[in-house]
>>> print(open('data-v2.cif').read())   # mmCIF, C-alpha atoms and all ligand atoms
data_coords
loop_
_atom_site.label_atom_id
_atom_site.label_comp_id
_atom_site.auth_asym_id
_atom_site.auth_seq_id
_atom_site.Cartn_x
_atom_site.Cartn_y
_atom_site.Cartn_z
CA MET F 1118 -9.82 -18.86 -25.18
CA ALA F 1119 -13.04 -20.77 -25.77
CA ALA F 1120 -11.34 -22.67 -28.61
CA ILE F 1121 -8.33 -23.49 -26.41
CA GLN F 1122 -10.63 -24.84 -23.71
CA ALA F 1123 -12.70 -26.84 -26.20
CA ALA F 1124 -9.49 -28.31 -27.70
CA ALA F 1125 -8.19 -29.19 -24.21
CA ALA F 1126 -11.49 -30.91 -23.37
CA LEU F 1127 -11.31 -32.97 -26.57
CA ARG F 1128 -7.70 -33.94 -25.83
CA ALA F 1129 -8.67 -35.00 -22.31
CA GLU F 1130 -11.17 -37.40 -23.91
CA GLY F 1131 -8.32 -38.88 -25.92
CA VAL F 1132 -9.25 -37.22 -29.22
CA ASP F 1133 -6.37 -36.63 -31.66
CA VAL F 1134 -6.51 -32.83 -32.01
CA VAL F 1135 -4.41 -30.97 -34.61
CA ASP F 1136 -3.49 -27.56 -33.22
CA PHE F 1137 -2.79 -24.67 -35.59
CA GLY F 1138 -3.52 -22.12 -32.88
CA ALA F 1139 -0.02 -21.83 -31.41
CA GLY F 1140 1.46 -18.35 -31.21
CA GLU F 1141 4.83 -19.69 -30.13
CA PRO F 1142 7.67 -21.76 -31.61
CA ASP F 1143 7.42 -25.53 -31.24
CA PHE F 1144 11.20 -25.62 -30.67
CA ASP F 1145 12.91 -25.75 -27.30
CA THR F 1146 15.17 -22.90 -26.14
CA PRO F 1147 18.71 -23.57 -27.49
CA ASP F 1148 21.06 -25.29 -25.03
CA ASN F 1149 23.70 -22.53 -24.91
CA ILE F 1150 20.99 -20.15 -23.65
CA LYS F 1151 19.79 -22.58 -20.99
CA ARG F 1152 23.37 -23.12 -19.82
CA ALA F 1153 23.87 -19.37 -19.47
CA ALA F 1154 20.85 -19.28 -17.15
CA GLU F 1155 22.25 -22.14 -15.05
CA LEU F 1156 25.58 -20.36 -14.73
CA ALA F 1157 23.87 -17.09 -13.82
CA MET F 1158 22.01 -18.79 -10.99
CA ARG F 1159 25.19 -20.42 -9.68
CA ALA F 1160 26.99 -17.09 -9.87
CA GLY F 1161 24.32 -15.54 -7.66
CA LYS F 1162 22.77 -13.32 -10.31
CA THR F 1163 19.54 -13.63 -8.43
CA LYS F 1164 19.00 -10.11 -7.18
CA TYR F 1165 17.25 -6.99 -8.48
CA THR F 1166 18.92 -5.39 -11.47
CA SER F 1167 18.45 -1.85 -12.78
CA THR F 1168 14.83 -1.37 -13.82
CA GLY F 1169 15.76 -1.22 -17.51
CA GLY F 1170 17.99 -4.28 -17.36
CA THR F 1171 21.65 -5.04 -16.77
CA ARG F 1172 24.41 -3.11 -18.47
CA GLU F 1173 25.38 -6.32 -20.36
CA LEU F 1174 21.91 -6.88 -21.74
CA GLN F 1175 21.43 -3.25 -22.72
CA GLN F 1176 24.80 -3.29 -24.45
CA SER F 1177 23.99 -6.55 -26.29
CA ILE F 1178 20.79 -5.00 -27.64
CA ILE F 1179 22.67 -1.86 -28.72
CA ASP F 1180 25.42 -3.96 -30.32
CA PHE F 1181 22.93 -6.11 -32.22
CA TYR F 1182 21.23 -3.04 -33.72
CA ALA F 1183 24.57 -1.41 -34.53
CA ALA F 1184 25.96 -4.53 -36.23
CA THR F 1185 22.77 -5.48 -38.08
CA PHE F 1186 21.22 -2.13 -38.97
CA GLY F 1187 24.04 0.39 -38.47
CA ALA F 1188 21.97 2.21 -35.82
CA LYS F 1189 23.66 4.06 -32.99
CA TYR F 1190 21.73 3.91 -29.71
CA GLU F 1191 22.93 5.08 -26.28
CA ARG F 1192 22.30 3.24 -23.03
CA ASN F 1193 19.69 5.80 -21.95
CA GLU F 1194 17.73 4.97 -25.11
CA VAL F 1195 17.34 1.26 -24.42
CA MET F 1196 15.51 -0.76 -21.81
CA ALA F 1197 14.89 -4.45 -21.30
CA SER F 1198 11.35 -5.44 -20.39
CA CYS F 1199 9.28 -8.47 -19.43
CA GLY F 1200 8.64 -9.56 -23.00
CA GLY F 1201 7.93 -7.44 -26.03
CA LYS F 1202 4.44 -7.04 -24.68
CA GLN F 1203 5.61 -4.98 -21.74
CA ALA F 1204 7.71 -2.79 -24.03
CA ILE F 1205 4.57 -2.00 -26.05
CA PHE F 1206 2.54 -1.45 -22.88
CA ASN F 1207 5.17 0.92 -21.42
CA ALA F 1208 5.42 2.85 -24.69
CA VAL F 1209 1.66 3.32 -25.10
CA VAL F 1210 0.83 4.07 -21.47
CA SER F 1211 3.65 6.62 -21.11
CA LEU F 1212 2.59 8.50 -24.25
CA ILE F 1213 -1.17 8.42 -24.65
CA ASP F 1214 -3.56 10.89 -23.03
CA PRO F 1215 -7.32 10.31 -22.92
CA GLY F 1216 -8.87 10.94 -26.33
CA ASP F 1217 -5.64 10.58 -28.33
CA GLU F 1218 -6.14 8.61 -31.52
CA VAL F 1219 -3.91 5.64 -32.24
CA LEU F 1220 -3.77 4.17 -35.76
CA LEU F 1221 -3.85 0.39 -36.05
CA ALA F 1222 -3.80 -1.46 -39.36
CA LYS F 1223 -6.19 -4.37 -39.76
CA PRO F 1224 -5.61 -7.19 -39.16
CA TYR F 1225 -3.94 -6.25 -35.87
CA TRP F 1226 -2.38 -8.21 -33.04
CA VAL F 1227 -5.12 -8.49 -30.40
CA THR F 1228 -3.13 -6.74 -27.67
CA PHE F 1229 -2.79 -3.42 -29.55
CA PRO F 1230 -6.37 -2.12 -29.19
CA GLU F 1231 -6.59 -3.39 -25.61
CA VAL F 1232 -3.50 -1.46 -24.49
CA VAL F 1233 -4.64 1.68 -26.31
CA ILE F 1234 -8.06 1.51 -24.63
CA PHE F 1235 -6.43 0.84 -21.25
CA ALA F 1236 -4.42 4.06 -21.70
CA GLY F 1237 -7.60 6.02 -22.52
CA GLY F 1238 -6.75 6.31 -26.21
CA VAL F 1239 -9.04 5.71 -29.16
CA PRO F 1240 -8.03 2.98 -31.64
CA VAL F 1241 -8.59 4.07 -35.24
CA TYR F 1242 -8.48 1.16 -37.63
CA ILE F 1243 -6.99 1.22 -41.11
CA GLU F 1244 -8.51 -1.20 -43.63
CA THR F 1245 -5.82 -2.89 -45.72
CA GLU F 1246 -7.68 -5.68 -47.49
CA GLU F 1247 -7.48 -3.81 -50.81
CA THR F 1248 -3.67 -4.14 -50.69
CA GLY F 1249 -3.68 -7.75 -49.50
CA PHE F 1250 -3.10 -6.60 -45.89
CA VAL F 1251 0.15 -4.77 -46.70
CA LEU F 1252 -0.10 -1.30 -45.20
CA SER F 1253 0.69 1.60 -47.56
CA ALA F 1254 1.65 5.23 -46.90
CA GLU F 1255 -1.47 6.30 -48.77
CA GLN F 1256 -3.71 4.33 -46.39
CA VAL F 1257 -1.94 5.87 -43.40
CA ALA F 1258 -2.32 9.37 -44.87
CA ARG F 1259 -6.09 8.88 -45.26
CA ALA F 1260 -6.51 7.84 -41.62
CA ILE F 1261 -4.62 10.75 -40.00
CA THR F 1262 -6.69 13.37 -38.16
CA PRO F 1263 -5.63 16.31 -35.96
CA ARG F 1264 -6.03 13.97 -32.96
CA THR F 1265 -3.68 11.26 -34.24
CA LYS F 1266 -0.87 10.83 -31.73
CA LEU F 1267 0.57 7.41 -32.47
CA ILE F 1268 0.62 4.51 -34.90
CA ILE F 1269 1.66 0.95 -34.11
CA LEU F 1270 3.31 -0.86 -37.02
CA ASN F 1271 3.85 -4.60 -36.98
CA SER F 1272 5.89 -6.09 -39.80
CA PRO F 1273 6.13 -9.07 -40.18
CA CYS F 1274 2.54 -9.04 -39.03
CA ASN F 1275 0.76 -11.32 -36.62
CA PRO F 1276 -1.71 -12.59 -37.88
CA SER F 1277 -1.28 -12.03 -41.64
CA GLY F 1278 2.45 -12.81 -41.92
CA ARG F 1279 2.70 -9.93 -44.37
CA VAL F 1280 5.74 -7.68 -44.58
CA ILE F 1281 5.74 -3.98 -45.49
CA PRO F 1282 8.39 -3.54 -48.22
CA PRO F 1283 11.30 -1.37 -46.97
CA ALA F 1284 10.67 1.43 -49.51
CA GLU F 1285 7.00 1.69 -48.44
CA PHE F 1286 8.04 1.52 -44.78
CA GLN F 1287 10.34 4.48 -45.34
CA LYS F 1288 7.52 6.41 -47.06
CA ILE F 1289 5.28 5.75 -44.06
CA MET F 1290 7.99 6.96 -41.68
CA GLU F 1291 8.55 10.11 -43.77
CA LEU F 1292 4.85 10.89 -43.70
CA LEU F 1293 4.63 10.34 -39.93
CA THR F 1294 7.72 12.45 -39.28
CA GLU F 1295 6.28 15.28 -41.37
CA ARG F 1296 3.02 15.10 -39.39
CA GLY F 1297 4.71 14.83 -35.97
CA ILE F 1298 3.14 11.44 -35.18
CA TYR F 1299 4.77 8.95 -32.82
CA VAL F 1300 5.48 5.40 -33.96
CA ILE F 1301 5.89 2.06 -32.25
CA THR F 1302 7.30 -0.63 -34.52
CA ASP F 1303 6.63 -4.06 -33.11
CA GLU F 1304 9.57 -6.18 -34.27
CA CYS F 1305 8.53 -9.38 -32.54
CA TYR F 1306 8.99 -11.40 -35.77
CA LEU F 1307 11.91 -9.30 -37.05
CA ARG F 1308 14.10 -12.19 -38.15
CA PHE F 1309 11.38 -14.49 -39.50
CA VAL F 1310 11.37 -13.28 -43.08
CA TYR F 1311 11.50 -15.53 -46.13
CA PRO F 1312 13.40 -14.68 -49.33
CA PRO F 1313 13.01 -12.76 -51.54
CA ALA F 1314 11.65 -10.57 -48.70
CA GLU F 1315 14.40 -9.17 -46.49
CA VAL F 1316 14.81 -8.49 -42.79
CA PHE F 1317 14.11 -4.80 -42.23
CA SER F 1318 14.10 -2.63 -39.13
CA ALA F 1319 13.14 1.03 -38.88
CA ALA F 1320 16.43 1.26 -36.97
CA SER F 1321 18.19 1.33 -40.35
CA LEU F 1322 16.44 4.59 -41.33
CA PRO F 1323 18.15 7.98 -41.00
CA ALA F 1324 18.10 9.43 -37.46
CA ASP F 1325 15.72 12.29 -38.39
CA LEU F 1326 13.03 9.70 -39.22
CA ARG F 1327 13.51 8.08 -35.80
CA LYS F 1328 12.90 11.09 -33.56
CA ARG F 1329 9.49 9.81 -32.47
CA LEU F 1330 10.15 6.10 -32.92
CA CYS F 1331 10.02 3.38 -30.29
CA ILE F 1332 11.18 -0.05 -31.46
CA ALA F 1333 9.61 -2.82 -29.40
CA GLY F 1334 11.45 -6.11 -29.75
CA SER F 1335 11.35 -9.55 -28.25
CA LEU F 1336 13.48 -12.64 -27.79
CA SER F 1337 10.39 -14.83 -27.44
CA LYS F 1338 10.06 -16.07 -31.00
CA THR F 1339 13.59 -15.56 -32.37
CA TYR F 1340 15.20 -17.75 -29.71
CA ALA F 1341 12.17 -19.86 -28.74
CA MET F 1342 12.13 -18.12 -25.34
CA THR F 1343 8.42 -17.32 -24.86
CA GLY F 1344 8.43 -18.41 -21.22
CA TRP F 1345 11.54 -16.46 -20.24
CA ARG F 1346 9.83 -13.10 -20.74
CA ILE F 1347 12.52 -10.88 -22.22
CA GLY F 1348 11.83 -8.06 -24.63
CA TYR F 1349 13.17 -4.55 -25.08
CA ALA F 1350 12.47 -1.03 -26.25
CA LEU F 1351 14.73 1.37 -28.15
CA ALA F 1352 13.42 4.92 -28.09
CA PRO F 1353 14.45 8.56 -27.66
CA ARG F 1354 15.83 9.38 -24.21
CA GLU F 1355 12.76 11.26 -22.91
CA TRP F 1356 10.33 8.54 -23.98
CA THR F 1357 12.60 5.86 -22.47
CA ARG F 1358 12.70 7.79 -19.18
CA GLU F 1359 8.90 7.82 -19.03
CA MET F 1360 8.72 4.12 -19.91
CA LEU F 1361 11.15 3.33 -17.10
CA LYS F 1362 8.77 5.00 -14.64
CA VAL F 1363 5.92 2.73 -15.78
CA GLN F 1364 8.10 -0.36 -15.49
CA GLY F 1365 9.76 0.77 -12.26
CA HIS F 1366 6.42 1.01 -10.48
CA SER F 1367 4.87 -2.11 -11.96
CA THR F 1368 7.09 -5.13 -12.61
CA SER F 1369 10.55 -3.58 -11.92
CA ASN F 1370 13.39 -5.28 -13.78
CA PRO F 1371 12.79 -8.34 -15.93
CA ASN F 1372 13.92 -11.63 -14.38
CA SER F 1373 17.65 -11.41 -13.62
CA ILE F 1374 18.45 -14.99 -14.69
CA ALA F 1375 16.53 -14.64 -17.94
CA GLN F 1376 18.50 -11.45 -18.62
CA SER F 1377 21.78 -13.39 -18.48
CA ALA F 1378 20.26 -15.97 -20.82
CA ALA F 1379 19.26 -13.16 -23.18
CA VAL F 1380 22.83 -11.84 -23.28
CA GLU F 1381 23.95 -15.30 -24.43
CA ALA F 1382 21.13 -15.35 -27.00
CA PHE F 1383 22.41 -12.11 -28.55
CA ARG F 1384 26.13 -12.80 -28.23
CA GLY F 1385 26.37 -16.58 -28.55
CA PRO F 1386 26.25 -18.76 -31.68
CA GLN F 1387 23.27 -18.04 -33.96
CA ALA F 1388 23.14 -21.47 -35.64
CA SER F 1389 19.96 -22.45 -33.79
CA VAL F 1390 18.12 -19.41 -35.19
CA ALA F 1391 19.21 -20.39 -38.71
CA ALA F 1392 18.07 -23.98 -38.11
CA MET F 1393 14.63 -22.88 -36.90
CA LEU F 1394 14.31 -20.51 -39.82
CA ALA F 1395 15.20 -23.28 -42.27
CA GLU F 1396 12.50 -25.48 -40.79
CA TYR F 1397 9.88 -22.70 -40.96
CA THR F 1398 10.90 -22.06 -44.57
CA THR F 1399 10.17 -25.67 -45.55
CA ARG F 1400 6.85 -25.75 -43.69
CA ARG F 1401 5.73 -22.42 -45.07
CA ALA F 1402 6.37 -23.45 -48.68
CA TRP F 1403 4.48 -26.69 -48.21
CA LEU F 1404 1.57 -25.08 -46.36
CA LEU F 1405 1.07 -22.21 -48.78
CA ASN F 1406 1.00 -24.57 -51.72
CA ALA F 1407 -1.37 -26.98 -49.96
CA LEU F 1408 -3.79 -24.24 -48.87
CA ARG F 1409 -3.87 -22.71 -52.33
CA SER F 1410 -4.77 -26.05 -53.84
CA ILE F 1411 -7.94 -26.31 -51.72
CA PRO F 1412 -10.88 -25.17 -53.86
CA HIS F 1413 -12.63 -21.99 -52.58
CA LEU F 1414 -9.77 -21.07 -50.25
CA SER F 1415 -7.36 -18.26 -51.14
CA CYS F 1416 -4.21 -17.14 -49.39
CA ASN F 1417 -1.96 -14.09 -49.71
CA GLU F 1418 1.74 -14.81 -49.54
CA PRO F 1419 2.92 -14.44 -45.93
CA GLU F 1420 6.50 -13.16 -46.32
CA GLY F 1421 7.24 -13.42 -42.62
CA ALA F 1422 6.36 -14.70 -39.11
CA PHE F 1423 4.99 -18.27 -38.88
CA TYR F 1424 1.38 -17.80 -39.87
CA ALA F 1425 -0.71 -18.20 -43.00
CA PHE F 1426 -3.91 -16.16 -43.17
CA PRO F 1427 -6.25 -17.71 -45.75
CA SER F 1428 -9.65 -16.34 -46.68
CA VAL F 1429 -12.56 -18.74 -46.22
CA ARG F 1430 -15.14 -16.21 -47.36
CA GLU F 1431 -15.98 -18.21 -50.47
CA CYS F 1432 -16.69 -21.25 -48.31
CA LEU F 1433 -19.26 -19.46 -46.15
CA ASN F 1434 -22.94 -20.12 -46.76
CA ASP F 1435 -26.20 -20.38 -44.79
CA LYS F 1436 -24.83 -23.39 -42.85
CA VAL F 1437 -21.59 -21.68 -41.82
CA ARG F 1438 -21.99 -17.91 -41.95
CA THR F 1439 -18.83 -16.53 -40.33
CA SER F 1440 -15.18 -17.43 -39.90
CA ALA F 1441 -15.90 -17.95 -36.19
CA GLU F 1442 -18.51 -20.58 -37.04
CA PHE F 1443 -16.08 -22.12 -39.54
CA ALA F 1444 -13.39 -22.39 -36.82
CA ALA F 1445 -15.84 -23.77 -34.24
CA ARG F 1446 -17.19 -26.44 -36.60
CA LEU F 1447 -13.72 -27.36 -37.82
CA LEU F 1448 -12.86 -28.10 -34.21
CA THR F 1449 -15.94 -30.16 -33.36
CA GLU F 1450 -16.15 -32.04 -36.68
CA GLU F 1451 -12.50 -32.35 -37.71
CA HIS F 1452 -10.74 -31.80 -34.36
CA THR F 1453 -8.54 -29.07 -35.82
CA VAL F 1454 -7.79 -25.76 -34.08
CA VAL F 1455 -7.43 -22.55 -36.11
CA THR F 1456 -7.86 -18.95 -34.95
CA ASP F 1457 -10.80 -16.94 -36.26
CA GLY F 1458 -9.66 -13.87 -38.21
CA ALA F 1459 -12.42 -11.72 -36.68
CA ALA F 1460 -10.40 -11.74 -33.44
CA PHE F 1461 -7.79 -9.69 -35.35
CA GLY F 1462 -10.36 -7.47 -37.07
CA ALA F 1463 -10.55 -9.56 -40.26
CA GLU F 1464 -13.82 -11.47 -40.52
CA GLY F 1465 -13.73 -14.16 -43.21
CA TYR F 1466 -10.13 -15.16 -42.56
CA LEU F 1467 -8.38 -17.78 -40.42
CA ARG F 1468 -4.96 -17.73 -38.85
CA ILE F 1469 -3.03 -20.97 -39.26
CA SER F 1470 0.20 -21.26 -37.30
CA TYR F 1471 2.89 -23.45 -38.80
CA ALA F 1472 4.84 -23.55 -35.55
CA THR F 1473 4.07 -27.26 -35.55
CA SER F 1474 5.47 -30.40 -37.19
CA MET F 1475 5.19 -31.24 -40.90
CA ALA F 1476 3.19 -34.35 -39.96
CA GLN F 1477 0.65 -32.21 -38.08
CA LEU F 1478 0.51 -29.73 -40.96
CA GLN F 1479 -0.22 -32.50 -43.45
CA GLU F 1480 -2.88 -34.09 -41.28
CA GLY F 1481 -4.54 -30.75 -40.43
CA VAL F 1482 -4.64 -29.48 -44.01
CA MET F 1483 -6.22 -32.76 -45.10
CA ARG F 1484 -8.91 -32.25 -42.45
CA ILE F 1485 -9.53 -28.66 -43.57
CA GLU F 1486 -9.87 -29.80 -47.18
CA ARG F 1487 -12.34 -32.51 -46.19
CA PHE F 1488 -14.35 -30.00 -44.14
CA VAL F 1489 -14.47 -27.45 -46.97
CA ALA F 1490 -15.57 -30.13 -49.44
CA ARG F 1491 -18.43 -31.10 -47.09
CA LEU F 1492 -19.49 -27.47 -46.71
CA ARG F 1493 -19.70 -26.99 -50.44
CA ASN F 1494 -21.83 -30.10 -51.02
C1 LIG I 1501 2.86 -9.23 -32.84
C2 LIG I 1501 3.35 -9.57 -31.48
N1 LIG I 1501 3.96 -8.62 -30.76
C3 LIG I 1501 4.44 -8.85 -29.54
C4 LIG I 1501 4.31 -10.10 -28.96
C5 LIG I 1501 4.84 -10.23 -27.57
O1 LIG I 1501 5.68 -11.25 -27.33
P1 LIG I 1501 6.42 -11.39 -25.92
O2 LIG I 1501 5.71 -10.56 -24.92
O3 LIG I 1501 6.36 -12.84 -25.61
O4 LIG I 1501 7.81 -10.91 -26.15
C6 LIG I 1501 3.66 -11.13 -29.66
C7 LIG I 1501 3.43 -12.44 -29.05
O5 LIG I 1501 2.65 -13.25 -29.47
C8 LIG I 1501 3.18 -10.85 -30.95
O6 LIG I 1501 2.58 -11.80 -31.68
#
>>> encode(input="data-v2.cif", output="structure tokens")
Amino acid sequence: MAAIQAAAALRAEGVDVVDFGAGEPDFDTPDNIKRAAELAMRAGKTKYTSTGGTRELQQSIIDFYAATFGAKYERNEVMASCGGKQAIFNAVVSLIDPGDEVLLAKPYWVTFPEVVIFAGGVPVYIETEETGFVLSAEQVARAITPRTKLIILNSPCNPSGRVIPPAEFQKIMELLTERGIYVITDECYLRFVYPPAEVFSAASLPADLRKRLCIAGSLSKTYAMTGWRIGYALAPREWTREMLKVQGHSTSNPNSIAQSAAVEAFRGPQASVAAMLAEYTTRRAWLLNALRSIPHLSCNEPEGAFYAFPSVRECLNDKVRTSAEFAARLLTEEHTVVTDGAAFGAEGYLRISYATSMAQLQEGVMRIERFVARLRN
């Protein structure tokens, strides 16, 4: 937040700031989706809906998972929510009792520990640097204790962009099933995966591995709909019923007009998703190459999402001792916003979002290179 405010203050002074902090697409919501919202308003779809969303939206979510992953979900196993964030919140709050341990792999999305703590749970962090931030079944096994109730998996990961390979994902799910541990898979970046990596959902696993699984999904990134606030959960009936209670006594149904727009997103033409993906693919290739050519910087391959997560550890010295100081000085000296990895539990790293134009990427990377060169002299 401090960085966002500092960047806004610089912009207000007329400074040309390059912003790699964005956690949302730089594209506008596709027109067919906007039109569906207009029509919904005109048709009077402006009233409360069922807490878990309209029949049409629930069915579109079920149909998408059936067509894409061959998964069979019933209507009492699905609910729409106000963004993927609320799905995760509902799932954690309805499950966790005080003192329950919840496994979170580092680096983690900042909301995970906060929700766990809110629910009275205890976040237990899994270090994954040794495997380049790709979580393995072995690492999960080492972290399990008799108090472990839940794990939250996020692949593709925000902030690292890393993807758990499907075979390893299945091994993790087998282990968790054997140990009776609940799972939330955060599929916010589900469809942002770059070949040769492949789109994978735990929904495609056999039903006996999904008995304690809640899939939390979102339309925010896939359809550039961050402001519309539509996400969803797919989970066993009993868990869904408990989640509906949380939602029913907090926000109630997600926005009725946005729900109609979401139905169009799922059922309408998907060309805009392909176009956005193609653009991210080009930017990602350029960025990864450019970052890796900066001396003293290293970067794992982010197979998904729209972030790169380079290490700046080799650049740190007695002038700039932490990644937070690196990010702060990059902003004041080179007017470039990046997110400090320590915020995600990974000191020494930076998150760079490529949800911005090629021109901005080129300018910003040049500034980072100049800054690193100065630090090393
Ligand atoms: C990993 C991850 N999960 C979930 C979300 C939630 O997205 P929303 O609530 O907009 O659907 C985000 C948003 O930044 C995210 O990065």
>>> residues_near_ligand(input="data-v2.cif", ligand="ligand LIG 1501 (chain I)", cutoff="9 Å", atoms="all atoms listed in the file", output="PyMOL selection string")
chain F and resi 1140-1141+1198-1205+1225-1229+1271-1276+1303-1306+1333-1338+1342-1349+1422
>>> residues_around(input="data-v2.cif", residues="region 1123-1127 of chain F", least_positions_apart="5", cutoff="10 Å", atoms="all atoms listed in the file", output="VMD selection string")
chain F and resid 1118 1132 to 1136 1445 1448 to 1449 1452 to 1454
>>> write_last_selection(input="data-v2.cif", atoms="C-alpha atoms", output="PDB file, in the frame of the given file")
ATOM      1  CA  MET F1118      -9.820 -18.860 -25.180  1.00  0.00           C
ATOM      2  CA  VAL F1132      -9.250 -37.220 -29.220  1.00  0.00           C
ATOM      3  CA  ASP F1133      -6.370 -36.630 -31.660  1.00  0.00           C
ATOM      4  CA  VAL F1134      -6.510 -32.830 -32.010  1.00  0.00           C
ATOM      5  CA  VAL F1135      -4.410 -30.970 -34.610  1.00  0.00           C
ATOM      6  CA  ASP F1136      -3.490 -27.560 -33.220  1.00  0.00           C
ATOM      7  CA  ALA F1445     -15.840 -23.770 -34.240  1.00  0.00           C
ATOM      8  CA  LEU F1448     -12.860 -28.100 -34.210  1.00  0.00           C
ATOM      9  CA  THR F1449     -15.940 -30.160 -33.360  1.00  0.00           C
ATOM     10  CA  HIS F1452     -10.740 -31.800 -34.360  1.00  0.00           C
ATOM     11  CA  THR F1453      -8.540 -29.070 -35.820  1.00  0.00           C
ATOM     12  CA  VAL F1454      -7.790 -25.760 -34.080  1.00  0.00           C
TER      13      VAL F1454
END
>>> closest_atom_pairs(input="data-v2.cif", of="region 1296-1397 of chain F", to="region 1158-1162 of chain F", cutoff="12 Å", atoms="all atoms listed in the file", output="Markdown table")
| residue | atom | partner | partner_atom | distance |
| --- | --- | --- | --- | --- |
| F:Asn1372 | CA | F:Lys1162 | CA | 9.9 |
| F:Ser1373 | CA | F:Lys1162 | CA | 6.4 |
| F:Ile1374 | CA | F:Lys1162 | CA | 6.4 |
| F:Ala1375 | CA | F:Met1158 | CA | 9.8 |
| F:Gln1376 | CA | F:Lys1162 | CA | 9.5 |
| F:Ser1377 | CA | F:Lys1162 | CA | 8.2 |
| F:Ala1378 | CA | F:Met1158 | CA | 10.4 |
>>> axis_aligned_box(input="data-v2.cif", around="region 1360-1375 of chain F", padding_each_side="3 Å", output="lines of an AutoDock Vina configuration file")
center_x = 11.7
center_y = -5.0
center_z = -15.2
size_x = 19.6
size_y = 26.0
size_z = 15.4
>>> atom_distance(input="data-v2.cif", atom1="CA of Ala1350 (chain F)", atom2="CA of Gly1365 (chain F)")
14.4 Å
>>> atom_distance(input="data-v2.cif", atom1="CA of Val1251 (chain F)", atom2="CA of Arg1468 (chain F)")
16.0 Å
>>> residues_around(input="data-v2.cif", residues="Thr1302 (chain F)", least_positions_apart="6", cutoff="6 Å", atoms="all atoms listed in the file", output="mmCIF file with C-alpha atoms, keeping the file's coordinate frame")
data_model
loop_
_atom_site.group_PDB
_atom_site.id
_atom_site.type_symbol
_atom_site.label_atom_id
_atom_site.label_comp_id
_atom_site.auth_asym_id
_atom_site.auth_seq_id
_atom_site.Cartn_x
_atom_site.Cartn_y
_atom_site.Cartn_z
ATOM 1 C CA ILE F 1269 1.660 0.950 -34.110
ATOM 2 C CA LEU F 1270 3.310 -0.860 -37.020
ATOM 3 C CA ASN F 1271 3.850 -4.600 -36.980
ATOM 4 C CA ILE F 1332 11.180 -0.050 -31.460
#
>>> atom_distance(input="data-v2.cif", atom1="CA of Ile1298 (chain F)", atom2="CA of Ala1460 (chain F)")
26.9 Å
>>> residues_around(input="data-v2.cif", residues="Arg1172 (chain F)", least_positions_apart="4", cutoff="12 Å", atoms="only C-alpha atoms", output="list in words")
Thr1166, Ser1167, Thr1168, Gln1176, Ser1177, Ile1178, Ile1179, Asp1180, Glu1191, Arg1192, Asn1193, Val1195, Met1196, Ala1197, Ser1373, Gln1376, Ser1377 and Val1380 of chain F
>>> residues_around(input="data-v2.cif", residues="Leu1467 (chain F)", least_positions_apart="4", cutoff="6 Å", atoms="only C-alpha atoms", output="list in words")
Phe1426, Pro1427, Thr1456, Asp1457 and Gly1458 of chain F
>>> write_last_selection(input="data-v2.cif", atoms="C-alpha atoms", output="compact mmCIF listing (two decimals), keeping the file's coordinate frame")
# COMPACT_ATOMS: atom_id res chain seq x y z
CA PHE F 1426 -3.91 -16.16 -43.17
CA PRO F 1427 -6.25 -17.71 -45.75
CA THR F 1456 -7.86 -18.95 -34.95
CA ASP F 1457 -10.80 -16.94 -36.26
CA GLY F 1458 -9.66 -13.87 -38.21
>>> residues_around(input="data-v2.cif", residues="Ala1314 (chain F)", least_positions_apart="6", cutoff="10 Å", atoms="all atoms listed in the file", output="JSON, numbers by chain")
{"F": [1279, 1280, 1281, 1282, 1283, 1419, 1420, 1421]}
>>> closest_residue(input="data-v2.cif", among="F:Glu1381, F:Glu1291, F:Glu1173, F:Glu1451", to="Leu1156 (chain F)", atoms="only C-alpha atoms")
F:Glu1381
>>> closest_residue(input="data-v2.cif", among="F:Leu1492, F:Ala1459, F:Ala1208, F:Ala1183", to="Ser1318 (chain F)", atoms="all atoms listed in the file")
F:Ala1183
>>> closest_residue(input="data-v2.cif", among="F:Arg1308, F:Arg1438, F:Lys1288, F:Arg1152", to="Tyr1340 (chain F)", atoms="only C-alpha atoms")
F:Arg1308
